[in-house]
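K.L.:
Quick one: the structure is below, and I'll ask about it shortly.
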Amino acid sequence: MESTPPTDRDIDVLCVGRQQPQKRYDRLIEAVGVLRNRGHELRVALAGDGAEREALLALVEKLGLENQVELLGRRSDVFQLYARSKVFALTSEREGHPLALLEAMSRGCVPVALDCRTGPREIIRSDVDGVLLRRDASVAEIAQGIERVLTDDDRRSEMSLAAVEGMERFSTEAVDVKWKRLLAGVL
C-alpha cells in the first residue's frame, strides 16, 4: 500500500465491475448528465463488461455524453485506473464485500457509494474516507455526492489519504487477529 495518494488524477469518476442490472450504472450515467447540466465537464470511465453494455452505450449517446463517459471494457490495468481517478462510484442495488471498492480506496480513490444492505457501510466511514448515500438515493443525490467530492480539492485530498490509511483495517494482519479472537472465543 502506498502511503500518499497520487495527485495527478485525470479521471474524475471511475466504476469497475460487471455491467449487470444490479450495478445500476444507468443511474451514474444519468448523474453525469445532471452534473454536465450544472456546468461540470467530467471524464468518467467504466471498466468492465457485461449484459448491460449496449444499453449503457445507448444511454450515453441518448444523453449526449460521448465526450464525457467512456466504457473501457475489460481491463488488466485497474490498479492504474484507480490511481488516476478522483472518485470511485458504486451505485449497486446490492453488494457482498466489494473488492473493487477496497482496491479503489487503497489507491486513494474517494468512494461515493449507495448504502446497499451489505458491503459499503462496513468499509466506508462516511464523510471521513468517502461518501455513503442512502440506498434509495435519487440521481440528483448521486450527482450531489459526486459534486461534493470533486469540487472541494482540500477535502478530497483529506478523504483520499484517510481512505488509504483506513485500508489497514482490512490488511491480512488485521483480519488474522480478528479471526484468532473469534476462534479463541468459540473454543
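Note on naming: chains are A, B, ... as they come in the C-alpha cells, residues start from 1 per chain, ligands start from 1 in the order shown.
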Counting only C-alpha atoms, what is within 10 Å of Gly73 in chain A, bar same-chain residues fewer than 6 positions away, as number ranges by chain?

P.N.:
A: 16-19, 45-50, 53

K.L.:
Would you export the selected residues with N, CA and C atoms as a compact mmCIF listing (two decimals), in the first residue's frame, please?

P.N.:
# COMPACT_ATOMS: atom_id res chain seq x y z
N VAL A 16 -15.70 0.20 -11.65
CA VAL A 16 -15.07 -1.05 -12.06
C VAL A 16 -16.00 -2.18 -11.66
N GLY A 17 -16.40 -2.99 -12.63
CA GLY A 17 -17.24 -4.13 -12.30
C GLY A 17 -18.02 -4.65 -13.49
N ARG A 18 -18.75 -5.69 -13.24
CA ARG A 18 -19.59 -6.28 -14.29
C ARG A 18 -20.73 -5.32 -14.63
N GLN A 19 -21.01 -5.18 -15.86
CA GLN A 19 -22.10 -4.31 -16.28
C GLN A 19 -23.39 -5.13 -16.30
N ALA A 45 -15.06 7.02 -16.49
CA ALA A 45 -14.65 5.76 -17.10
C ALA A 45 -15.34 4.59 -16.39
N LEU A 46 -15.89 3.69 -17.18
CA LEU A 46 -16.50 2.47 -16.66
C LEU A 46 -15.69 1.30 -17.19
N ALA A 47 -15.00 0.60 -16.31
CA ALA A 47 -14.20 -0.56 -16.68
C ALA A 47 -14.98 -1.82 -16.37
N GLY A 48 -15.03 -2.71 -17.32
CA GLY A 48 -15.75 -3.96 -17.15
C GLY A 48 -16.63 -4.22 -18.36
N ASP A 49 -17.28 -5.33 -18.34
CA ASP A 49 -18.13 -5.72 -19.46
C ASP A 49 -19.32 -6.48 -18.90
N GLY A 50 -20.33 -6.68 -19.72
CA GLY A 50 -21.46 -7.46 -19.25
C GLY A 50 -22.71 -7.22 -20.07
N ARG A 53 -23.93 -3.63 -21.32
CA ARG A 53 -23.02 -2.77 -22.09
C ARG A 53 -23.74 -2.00 -23.20

K.L.:
Need the shell around range 155-158 of chain A: protein/DNA/RNA residues with any atom at most 12 Å away, counting only C-alpha atoms. Skip same-chain ones fewer than 5 positions apart. Format as a PyMOL selection string?

P.N.:
chain A and resi 4-9+12+85-88+108-112+127-131+145-150+163-166

K.L.:
Just the number, please: distance in Å from CA of Ala100 in chain A to CA of Glu61 in chain A, one decimal.

P.N.:
26.5 Å

K.L.:
I'd like to know which residues of range 34-113 of chain A are strand (DSSP E or B) (by DSSP, run on the backbone); could you write them as a PyMOL selection string?

P.N.:
chain A and resi 44-48+69-73+85-90+110-113

K.L.:
Would you save the residues of that selection, restricted to C-alpha atoms, as a JSON list (two decimals), in the first residue's frame?

P.N.:
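Saved file part_13.json follows:
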[["chain", "number", "residue", "atom", "x", "y", "z"],
["A", 44, "VAL", "CA", -15.94, 9.29, -16.46],
["A", 45, "ALA", "CA", -14.65, 5.76, -17.10],
["A", 46, "LEU", "CA", -16.50, 2.47, -16.66],
["A", 47, "ALA", "CA", -14.20, -0.56, -16.68],
["A", 48, "GLY", "CA", -15.75, -3.96, -17.15],
["A", 69, "VAL", "CA", -18.34, 8.85, -20.45],
["A", 70, "GLU", "CA", -16.14, 6.07, -21.79],
["A", 71, "LEU", "CA", -16.93, 2.36, -21.47],
["A", 72, "LEU", "CA", -13.46, 0.83, -21.34],
["A", 73, "GLY", "CA", -14.37, -2.86, -21.44],
["A", 85, "SER", "CA", -9.19, 8.56, -10.55],
["A", 86, "LYS", "CA", -10.59, 11.08, -8.09],
["A", 87, "VAL", "CA", -13.90, 9.35, -7.30],
["A", 88, "PHE", "CA", -14.90, 5.70, -7.30],
["A", 89, "ALA", "CA", -18.66, 5.43, -7.81],
["A", 90, "LEU", "CA", -20.59, 2.43, -6.51],
["A", 110, "VAL", "CA", -12.53, 8.55, -2.81],
["A", 111, "PRO", "CA", -15.71, 6.44, -2.94],
["A", 112, "VAL", "CA", -19.22, 7.75, -3.42],
["A", 113, "ALA", "CA", -21.45, 4.76, -2.81]]

K.L.:
Let me make sure I understand: among A:Ser92, A:Pro98, A:Arg107, A:Glu30, which one has the smallest atom-to-atom distance to Arg135 in chain A if we use only C-alpha atoms?

P.N.:
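Ranking A:Ser92, A:Pro98, A:Arg107, A:Glu30 by distance to Arg135 in chain A, first place goes to A:Ser92.
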